[in-house]
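Enquirer: Below is coords.pdb; it holds PDB, C-alpha atoms.
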MODEL        1
ATOM      1  CA  ARG T1203       6.664 -12.537   1.291
ATOM      2  CA  ARG T1204       6.078 -12.639  -2.485
ATOM      3  CA  VAL T1205       2.618 -13.467  -3.852
ATOM      4  CA  SER T1206       1.927 -13.933  -7.585
ATOM      5  CA  LEU T1207      -1.187 -14.526  -9.662
ATOM      6  CA  ASN T1208      -1.714 -15.345 -13.349
ATOM      7  CA  LEU T1209      -5.152 -15.267 -14.988
ATOM      8  CA  ALA T1210      -6.547 -15.627 -18.513
ATOM      9  CA  PHE T1211      -9.973 -14.510 -19.818
ATOM     10  CA  ASP T1212     -11.760 -15.082 -23.116
ATOM     11  CA  ARG T1213     -13.465 -11.686 -22.719
ATOM     12  CA  VAL T1214     -13.431  -8.768 -20.288
ATOM     13  CA  THR T1215     -16.576  -6.651 -20.484
ATOM     14  CA  PHE T1216     -17.544  -3.265 -19.070
ATOM     15  CA  SER T1217     -21.280  -2.919 -18.387
ATOM     16  CA  ASP T1218     -23.095  -3.365 -21.735
ATOM     17  CA  ALA T1219     -20.022  -2.499 -23.836
ATOM     18  CA  PRO T1220     -18.388  -5.105 -26.137
ATOM     19  CA  GLY T1221     -15.273  -5.414 -23.959
ATOM     20  CA  LEU T1222     -11.819  -6.807 -24.707
ATOM     21  CA  ARG T1223     -10.824 -10.273 -25.986
ATOM     22  CA  ASP T1224      -8.141 -12.839 -25.127
ATOM     23  CA  ALA T1225      -6.975 -11.071 -21.983
ATOM     24  CA  THR T1226      -4.194 -12.115 -19.631
ATOM     25  CA  LEU T1227      -3.303 -10.655 -16.234
ATOM     26  CA  ALA T1228      -0.097 -11.280 -14.298
ATOM     27  CA  MET T1229       0.271  -9.799 -10.817
ATOM     28  CA  ALA T1230       2.950 -10.006  -8.146
ATOM     29  CA  ARG T1231       3.324  -8.315  -4.777
ATOM     30  CA  SER T1232       6.493  -8.173  -2.767
ATOM     31  CA  GLY T1233       6.149  -6.430   0.564
ATOM     32  CA  PRO T1234       3.816  -3.494   1.307
ATOM     33  CA  GLY T1235       3.178  -1.310  -1.727
ATOM     34  CA  GLY T1236       5.308  -3.425  -4.050
ATOM     35  CA  LEU T1237       2.645  -4.267  -6.657
ATOM     36  CA  TYR T1238       3.672  -5.291 -10.175
ATOM     37  CA  ALA T1239       0.980  -6.026 -12.772
ATOM     38  CA  ASP T1240       0.820  -6.586 -16.537
ATOM     39  CA  PHE T1241      -2.384  -6.815 -18.597
ATOM     40  CA  ASN T1242      -2.637  -7.744 -22.293
ATOM     41  CA  ALA T1243      -5.717  -8.060 -24.493
ATOM     42  CA  SER T1244      -7.043  -7.718 -28.043
ATOM     43  CA  ALA T1245      -9.179  -4.745 -29.114
ATOM     44  CA  GLY T1246     -10.576  -4.669 -32.642
ATOM     45  CA  GLU T1247      -7.680  -5.438 -34.982
ATOM     46  CA  GLY T1248      -5.072  -4.290 -32.474
ATOM     47  CA  PHE T1249      -3.761  -4.751 -28.960
ATOM     48  CA  VAL T1250      -3.991  -3.029 -25.598
ATOM     49  CA  THR T1251      -1.433  -3.408 -22.821
ATOM     50  CA  ALA T1252      -1.399  -2.025 -19.298
ATOM     51  CA  SER T1253       1.177  -2.105 -16.541
ATOM     52  CA  VAL T1254       1.548  -1.049 -12.906
ATOM     53  CA  ARG T1255       4.905  -0.421 -11.286
ATOM     54  CA  PRO T1256       5.600   0.713  -7.700
ATOM     55  CA  GLU T1257       7.004   4.170  -7.001
ATOM     56  CA  PRO T1258       7.929   5.859  -3.716
ATOM     57  CA  GLY T1259       4.635   6.471  -1.938
ATOM     58  CA  GLY T1260       2.479   5.270  -4.845
ATOM     59  CA  ALA T1261       2.557   3.643  -8.274
ATOM     60  CA  ARG T1262       2.968   4.399 -11.982
ATOM     61  CA  TYR T1263       0.335   3.216 -14.483
ATOM     62  CA  ARG T1264       0.734   2.960 -18.262
ATOM     63  CA  VAL T1265      -1.767   1.882 -20.918
ATOM     64  CA  GLU T1266      -0.884   1.615 -24.614
ATOM     65  CA  THR T1267      -2.876   0.554 -27.688
ATOM     66  CA  ASP T1268      -2.519   0.624 -31.466
ATOM     67  CA  ASP T1269      -6.331   0.698 -31.999
ATOM     68  CA  PHE T1270      -7.607   3.438 -29.709
ATOM     69  CA  GLY T1271     -10.945   3.527 -31.516
ATOM     70  CA  ALA T1272     -11.594  -0.138 -30.727
ATOM     71  CA  VAL T1273     -10.691   0.443 -27.063
ATOM     72  CA  LEU T1274     -13.166   3.347 -26.828
ATOM     73  CA  VAL T1275     -15.881   1.098 -28.295
ATOM     74  CA  ALA T1276     -14.909  -1.720 -25.913
ATOM     75  CA  LEU T1277     -15.302   0.657 -22.966
ATOM     76  CA  GLY T1278     -18.642   1.980 -24.238
ATOM     77  CA  ALA T1279     -17.323   5.546 -24.655
ATOM     78  CA  VAL T1280     -18.432   5.758 -28.320
ATOM     79  CA  SER T1281     -20.555   3.586 -30.599
ATOM     80  CA  ARG T1282     -18.149   3.303 -33.524
ATOM     81  CA  ALA T1283     -14.497   4.283 -33.887
ATOM     82  CA  GLN T1284     -11.304   2.839 -35.273
ATOM     83  CA  ARG T1285      -7.554   3.209 -35.597
ATOM     84  CA  GLY T1286      -5.307   5.457 -33.574
ATOM     85  CA  ARG T1287      -2.270   4.880 -31.385
ATOM     86  CA  ALA T1288      -2.642   6.060 -27.799
ATOM     87  CA  ILE T1289      -0.682   6.154 -24.556
ATOM     88  CA  LEU T1290      -2.219   6.853 -21.168
ATOM     89  CA  GLU T1291       0.150   7.405 -18.256
ATOM     90  CA  PHE T1292      -0.553   8.520 -14.709
ATOM     91  CA  VAL T1293       1.218   8.478 -11.378
ATOM     92  CA  GLU T1294      -0.353   7.822  -7.988
ATOM     93  CA  SER T1295       1.007   9.847  -5.101
ATOM     94  CA  PRO T1296      -0.101  10.680  -1.550
ATOM     95  CA  GLY T1297      -2.532  13.607  -1.384
ATOM     96  CA  ALA T1298      -2.062  16.751   0.692
ATOM     97  CA  ALA T1299      -4.754  15.392   3.025
ATOM     98  CA  PRO T1300      -3.952  11.669   3.524
ATOM     99  CA  GLU T1301      -7.437  10.936   4.870
ATOM    100  CA  ARG T1302      -8.863  11.840   1.452
ATOM    101  CA  GLY T1303      -6.777   9.257  -0.370
ATOM    102  CA  ALA T1304      -4.234   9.422  -3.173
ATOM    103  CA  VAL T1305      -3.932  11.808  -6.094
ATOM    104  CA  TRP T1306      -3.449  10.720  -9.716
ATOM    105  CA  ASP T1307      -1.721  13.031 -12.208
ATOM    106  CA  GLY T1308      -1.460  11.967 -15.807
ATOM    107  CA  ALA T1309      -2.055  12.584 -19.491
ATOM    108  CA  LEU T1310      -3.590  10.902 -22.530
ATOM    109  CA  SER T1311      -1.911  11.232 -25.916
ATOM    110  CA  ALA T1312      -3.465   9.809 -29.110
ATOM    111  CA  ARG T1313      -2.735  10.090 -32.833
ATOM    112  CA  GLY T1314      -4.813   9.118 -35.895
ATOM    113  CA  LEU T1315      -8.169   8.352 -34.233
ATOM    114  CA  VAL T1316     -11.286   8.082 -36.423
ATOM    115  CA  VAL T1317     -14.664   8.525 -34.676
ATOM    116  CA  GLN T1318     -17.661   7.330 -36.699
ATOM    117  CA  SER T1319     -20.488   7.551 -34.177
ATOM    118  CA  ALA T1320     -20.623   9.314 -30.791
ATOM    119  CA  PRO T1321     -24.274   9.891 -29.809
ATOM    120  CA  ARG T1322     -23.439  11.839 -26.654
ATOM    121  CA  ALA T1323     -21.502  14.402 -28.690
ATOM    122  CA  ALA T1324     -24.096  14.684 -31.459
ATOM    123  CA  GLY T1325     -25.851  17.668 -29.868
ATOM    124  CA  VAL T1326     -22.687  19.736 -29.993
ATOM    125  CA  LEU T1327     -21.404  18.632 -33.385
ATOM    126  CA  SER T1328     -24.787  19.092 -35.086
ATOM    127  CA  ALA T1329     -24.594  22.811 -34.256
ATOM    128  CA  ALA T1330     -21.878  23.176 -36.904
ATOM    129  CA  SER T1331     -23.515  21.636 -39.952
ATOM    130  CA  VAL T1332     -20.309  21.860 -41.989
ATOM    131  CA  VAL T1333     -18.255  19.906 -39.470
ATOM    132  CA  GLY T1334     -16.581  16.874 -40.954
ATOM    133  CA  LEU T1335     -18.591  16.546 -44.184
ATOM    134  CA  VAL T1336     -15.570  16.072 -46.446
ATOM    135  CA  ASP T1337     -13.650  14.061 -43.884
ATOM    136  CA  MET T1338     -16.614  11.773 -43.130
ATOM    137  CA  ALA T1339     -17.195  11.149 -46.837
ATOM    138  CA  SER T1340     -13.581  10.141 -47.497
ATOM    139  CA  ASN T1341     -12.720   8.286 -44.289
ATOM    140  CA  GLY T1342     -16.048   7.086 -42.935
ATOM    141  CA  GLY T1343     -15.707   9.275 -39.841
ATOM    142  CA  ILE T1344     -14.124  12.333 -38.271
ATOM    143  CA  THR T1345     -10.348  12.048 -38.035
ATOM    144  CA  PHE T1346      -8.430  13.418 -35.067
ATOM    145  CA  THR T1347      -4.777  13.552 -36.032
ATOM    146  CA  ARG T1348      -3.822  14.666 -32.526
ATOM    147  CA  VAL T1349      -5.448  14.356 -29.074
ATOM    148  CA  ASP T1350      -3.795  15.521 -25.842
ATOM    149  CA  ALA T1351      -5.472  15.556 -22.434
ATOM    150  CA  PRO T1352      -3.631  16.266 -19.150
ATOM    151  CA  PHE T1353      -5.724  15.479 -16.071
ATOM    152  CA  ARG T1354      -5.815  15.026 -12.287
ATOM    153  CA  VAL T1355      -7.995  12.731 -10.160
ATOM    154  CA  GLU T1356      -8.427  13.875  -6.561
ATOM    155  CA  ASN T1357     -11.157  13.458  -3.943
ATOM    156  CA  GLY T1358     -13.296  11.450  -6.348
ATOM    157  CA  ARG T1359     -13.187  14.127  -9.082
ATOM    158  CA  LEU T1360     -11.570  13.998 -12.511
ATOM    159  CA  GLU T1361     -10.206  17.448 -13.312
ATOM    160  CA  LEU T1362      -9.583  17.843 -17.046
ATOM    161  CA  GLU T1363      -7.104  20.680 -17.525
ATOM    162  CA  THR T1364      -7.637  21.277 -21.260
ATOM    163  CA  LEU T1365      -8.261  18.500 -23.752
ATOM    164  CA  THR T1366      -7.314  19.497 -27.301
ATOM    165  CA  ALA T1367      -8.283  17.371 -30.303
ATOM    166  CA  THR T1368      -7.514  18.519 -33.846
ATOM    167  CA  GLY T1369      -7.980  17.090 -37.309
ATOM    168  CA  PRO T1370      -8.601  18.139 -40.936
ATOM    169  CA  SER T1371     -12.280  18.911 -40.329
ATOM    170  CA  LEU T1372     -12.588  19.617 -36.625
ATOM    171  CA  GLY T1373     -10.865  21.332 -33.728
ATOM    172  CA  LEU T1374     -12.157  20.607 -30.231
ATOM    173  CA  THR T1375     -11.243  21.796 -26.740
ATOM    174  CA  LEU T1376     -12.751  20.632 -23.444
ATOM    175  CA  ALA T1377     -12.042  21.494 -19.804
ATOM    176  CA  GLY T1378     -13.836  20.973 -16.515
ATOM    177  CA  ALA T1379     -14.657  18.319 -13.940
ATOM    178  CA  TYR T1380     -16.353  14.939 -13.701
ATOM    179  CA  ASP T1381     -17.526  13.772 -10.276
ATOM    180  CA  LEU T1382     -16.754  10.044 -10.419
ATOM    181  CA  GLU T1383     -18.711   9.200  -7.278
ATOM    182  CA  ARG T1384     -21.908  11.085  -8.126
ATOM    183  CA  GLY T1385     -21.713  10.661 -11.905
ATOM    184  CA  GLN T1386     -22.024  14.421 -12.470
ATOM    185  CA  ILE T1387     -20.266  16.319 -15.248
ATOM    186  CA  ASP T1388     -19.496  20.039 -15.566
ATOM    187  CA  MET T1389     -17.374  20.946 -18.576
ATOM    188  CA  ARG T1390     -16.906  23.757 -21.098
ATOM    189  CA  GLY T1391     -15.409  23.623 -24.558
ATOM    190  CA  SER T1392     -15.278  24.891 -28.113
ATOM    191  CA  VAL T1393     -15.730  23.373 -31.573
ATOM    192  CA  SER T1394     -14.011  24.819 -34.653
ATOM    193  CA  PRO T1395     -15.366  23.396 -37.945
ATOM    194  CA  ALA T1396     -13.256  22.998 -41.098
ATOM    195  CA  PHE T1397     -10.206  23.178 -38.861
ATOM    196  CA  VAL T1398      -7.651  22.554 -41.624
ATOM    197  CA  LEU T1399      -8.509  26.033 -42.971
ATOM    198  CA  ASN T1400     -10.126  27.681 -39.958
ATOM    199  CA  GLY T1401      -7.195  26.845 -37.706
ATOM    200  CA  LEU T1402      -4.386  27.950 -40.047
ATOM    201  CA  PRO T1403      -3.979  31.359 -38.347
ATOM    202  CA  SER T1404      -3.159  29.579 -35.072
ATOM    203  CA  GLN T1405       0.190  28.596 -36.654
ATOM    204  CA  VAL T1406       1.227  32.260 -36.865
ATOM    205  CA  PRO T1407       3.145  33.362 -33.732
ATOM    206  CA  VAL T1408       1.390  35.974 -31.559
ATOM    207  CA  LEU T1409      -1.178  36.842 -34.261
ATOM    208  CA  GLY T1410      -2.514  33.288 -34.207
ATOM    209  CA  GLN T1411      -3.154  33.496 -30.454
ATOM    210  CA  LEU T1412      -4.990  36.792 -30.907
ATOM    211  CA  LEU T1413      -7.233  35.496 -33.697
ATOM    212  CA  THR T1414      -8.014  31.990 -32.462
ATOM    213  CA  GLY T1415      -7.456  31.940 -28.702
ATOM    214  CA  GLY T1416      -4.981  29.048 -28.684
ATOM    215  CA  GLU T1417      -4.356  25.449 -29.734
ATOM    216  CA  GLY T1418      -7.423  23.505 -30.874
ATOM    217  CA  ARG T1419      -9.369  26.684 -31.688
ATOM    218  CA  GLY T1420     -10.112  28.359 -35.011
ATOM    219  CA  VAL T1421     -11.052  31.870 -36.098
ATOM    220  CA  VAL T1422     -14.700  30.746 -36.223
ATOM    221  CA  GLY T1423     -16.057  28.333 -33.654
ATOM    222  CA  PHE T1424     -18.799  27.392 -31.217
ATOM    223  CA  THR T1425     -18.556  27.396 -27.432
ATOM    224  CA  PHE T1426     -20.619  24.894 -25.481
ATOM    225  CA  SER T1427     -21.179  23.476 -22.019
ATOM    226  CA  VAL T1428     -22.004  19.933 -20.888
ATOM    227  CA  GLU T1429     -23.586  19.565 -17.443
ATOM    228  CA  GLY T1430     -25.590  17.244 -15.243
ATOM    229  CA  ASP T1431     -25.842  13.458 -15.052
ATOM    230  CA  ALA T1432     -23.120  11.867 -17.179
ATOM    231  CA  SER T1433     -25.577   9.330 -18.640
ATOM    232  CA  GLU T1434     -27.818  12.091 -20.035
ATOM    233  CA  PRO T1435     -25.959  15.408 -19.791
ATOM    234  CA  ARG T1436     -27.466  18.759 -20.776
ATOM    235  CA  THR T1437     -25.716  20.473 -23.685
ATOM    236  CA  ARG T1438     -25.889  24.221 -24.207
ATOM    237  CA  ILE T1439     -24.392  26.165 -27.111
ATOM    238  CA  ASN T1440     -23.678  29.908 -27.120
ATOM    239  CA  PRO T1441     -25.595  31.148 -30.215
ATOM    240  CA  LEU T1442     -23.287  34.178 -30.582
ATOM    241  CA  SER T1443     -20.019  32.290 -30.367
ATOM    242  CA  PRO T1444     -19.661  31.627 -34.163
ATOM    243  CA  VAL T1445     -19.212  35.367 -34.802
ATOM    244  CA  MET T1446     -16.809  35.973 -31.890
ATOM    245  CA  PRO T1447     -13.010  35.974 -32.304
ATOM    246  CA  GLY T1448     -11.235  33.181 -30.435
ATOM    247  CA  PRO T1449     -10.212  35.161 -27.323
ATOM    248  CA  LEU T1450     -13.760  36.471 -26.816
ATOM    249  CA  ARG T1451     -15.130  32.921 -26.982
ATOM    250  CA  ARG T1452     -12.726  31.943 -24.186
ATOM    251  CA  ILE T1453     -13.844  34.908 -22.068
ATOM    252  CA  PHE T1454     -17.526  34.110 -22.531
ATOM    253  CA  SER T1455     -16.915  30.427 -21.820
ATOM    254  CA  ARG T1456     -15.104  31.338 -18.586
ATOM    255  CA  ARG T1457     -17.866  33.784 -17.631
ATOM    256  CA  ASP T1458     -20.536  31.104 -18.126
ATOM    257  CA  ARG T1459     -18.554  28.676 -15.977
ATOM    258  CA  ASP T1460     -18.170  31.220 -13.167
ATOM    259  CA  ARG T1461     -21.836  32.201 -13.359
ATOM    260  CA  ASP T1462     -23.056  28.631 -13.063
ATOM    261  CA  ARG T1463     -20.679  27.689 -10.236
ATOM    262  CA  PRO T1464     -22.398  27.811  -6.804
ATOM    263  CA  ARG T1465     -21.132  30.671  -4.676
ATOM    264  CA  GLU T1466     -19.363  29.808  -1.465
ATOM    265  CA  ARG T1467     -21.114  30.846   1.710
ATOM    266  CA  ARG T1468     -19.161  33.099   3.988
TER     267      ARG T1468
ENDMDL
END
Would you write out, as structure tokens, the structure that this file holds?

Expert:
Amino acid sequence: RRVSLNLAFDRVTFSDAPGLRDATLAMARSGPGGLYADFNASAGEGFVTASVRPEPGGARYRVETDDFGAVLVALGAVSRAQRGRAILEFVESPGAAPERGAVWDGALSARGLVVQSAPRAAGVLSAASVVGLVDMASNGGITFTRVDAPFRVENGRLELETLTATGPSLGLTLAGAYDLERGQIDMRGSVSPAFVLNGLPSQVPVLGQLLTGGEGRGVVGFTFSVEGDASEPRTRINPLSPVMPGPLRRIFSRRDRDRDRPRERR
């Protein structure tokens, strides 16, 4: 039996965030697991669309927007941001242990995002006083020309493989986990200021990897950790990381993660 539903909303809000405008939702289900859904709304000066399509054993989700900054503001992720095209895709599939629910594997890809105010990241970015000064003066924010973030959601945890975000004035990497049920975050990352110059060696094969440690990292950078309650996380910065070559920063970041991880009882 086929069931369909069509709804329209003047505004869709998320907690205290501004939300999305002029939203429409069309849903249809045909048989068990056969869910089709399409969502359209306005965000800032652009649009956001989302769709759900059935797949064997699960479903495929896709979200696309031409104003990623406005969507982040609408969701309450940042205070001020604008521009940027982004695509978020993930696939739902049965987990290895069915009693624990499904597993979602996906990736976020964004281009041309400008972040003007992100209070939760201020503690990290303020450690590199030269970060973004020229870029902020000319564009009214920090520009990320490229953002890529593969991820997995399983057993109530978001596992971020390695987010890389690069732009003229900043290179950023982030990896770790976010416990969605408990609201706890445990992530490690690095910040490379003046990335347009600092990150140039990364373009050189082999030598670039040795000097910088990989994509999103520069010759000089800061390693940091973000832990605790997601609403007010604790931020720690390695004071020696600015003078370490890229590979050493990765080693120290991994060592800090292993040290802080609770040991399993035998």

Enquirer: Residues at most 6 Å from range 1372-1382 of chain T, counting all atoms listed in the file, excluding those fewer than 3 positions away in the same chain, as a list in words?

Expert: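 The contact residues come out as Gly1358, Arg1359, Leu1360, Glu1361, Leu1362, Glu1363, Thr1364, Leu1365, Thr1366, Ala1367, Thr1368, Gly1369, Gly1385, Gln1386, Ile1387, Asp1388, Met1389, Arg1390, Gly1391, Ser1392, Val1393, Ser1394, Pro1395, Ala1396, Phe1397, Gly1418 and Arg1419 of chain T.
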
Enquirer: Got a sec: who's within 10 Å of Asp1240 in chain T, counting only C-alpha atoms, leaving out chain neighbours fewer than 2 positions off, as a list in words?

Expert: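 In the requested form, the answer reads Asn1208, Thr1226, Leu1227, Ala1228, Met1229, Ala1230, Tyr1238, Asn1242, Thr1251, Ala1252, Ser1253, Val1254, Arg1255, Arg1264 and Val1265 of chain T.
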
Enquirer: Exactly which residues make up the result of the PyMOL selection byres ((chain T and resi 1307) around 7) on this file, given as a ChimeraX atom specification?

Expert: /T:1292-1294,1305-1306,1308,1353-1355

Enquirer: Write a file of the just-selected residues containing C-alpha atoms, as a compact mmCIF listing (two decimals), in the frame of the given file.

Expert:
# COMPACT_ATOMS: atom_id res chain seq x y z
CA PHE T 1292 -0.55 8.52 -14.71
CA VAL T 1293 1.22 8.48 -11.38
CA GLU T 1294 -0.35 7.82 -7.99
CA VAL T 1305 -3.93 11.81 -6.09
CA TRP T 1306 -3.45 10.72 -9.72
CA GLY T 1308 -1.46 11.97 -15.81
CA PHE T 1353 -5.72 15.48 -16.07
CA ARG T 1354 -5.82 15.03 -12.29
CA VAL T 1355 -8.00 12.73 -10.16

Enquirer: Which residues are close to Ala1312 in chain T, i.e. within 6 Å by all atoms listed in the file, leaving aside same-chain residues fewer than 3 positions away? Reply as an mmCIF file with C-alpha atoms, in the coordinates of the input.

Expert:
data_model
loop_
_atom_site.group_PDB
_atom_site.id
_atom_site.type_symbol
_atom_site.label_atom_id
_atom_site.label_comp_id
_atom_site.auth_asym_id
_atom_site.auth_seq_id
_atom_site.Cartn_x
_atom_site.Cartn_y
_atom_site.Cartn_z
ATOM 1 C CA ARG T 1287 -2.270 4.880 -31.385
ATOM 2 C CA ALA T 1288 -2.642 6.060 -27.799
ATOM 3 C CA ARG T 1348 -3.822 14.666 -32.526
ATOM 4 C CA VAL T 1349 -5.448 14.356 -29.074
#

Enquirer: If you measure from CA of Ile1439 in chain T to CA of Phe1424 in chain T, what distance in Å do you get, rounded to one decimal?

Expert: 7.0 Å

Enquirer: Calculate how many Å separate CA of Ala1272 in chain T from CA of Ala1243 in chain T, rounding to one decimal.

Expert: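 That distance, rounded to one decimal, is 11.7 Å.
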
Enquirer: Smallest atom-to-atom distance to Gln1284 in chain T: which of T:Ala1432, T:Leu1315, T:Val1205, T:Leu1237, using all atoms listed in the file?

Expert: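 The closest residue to Gln1284 in chain T is T:Leu1315.
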
Enquirer: At what distance in Å, to one decimal, does CA of Val1316 in chain T lie from CA of Arg1438 in chain T?

Expert: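 Distance between the two atoms: 25.0 Å.
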
Enquirer: With the PyMOL selection byres ((chain T and resi 1215) around 12) as the selection, what would be picked from this file? Answer as a list in words, please.

Expert: Phe1211, Asp1212, Arg1213, Val1214, Phe1216, Ser1217, Asp1218, Ala1219, Pro1220, Gly1221, Leu1222, Arg1223, Asp1224, Ala1225, Ala1243, Ala1245, Val1273, Val1275, Ala1276, Leu1277 and Gly1278 of chain T
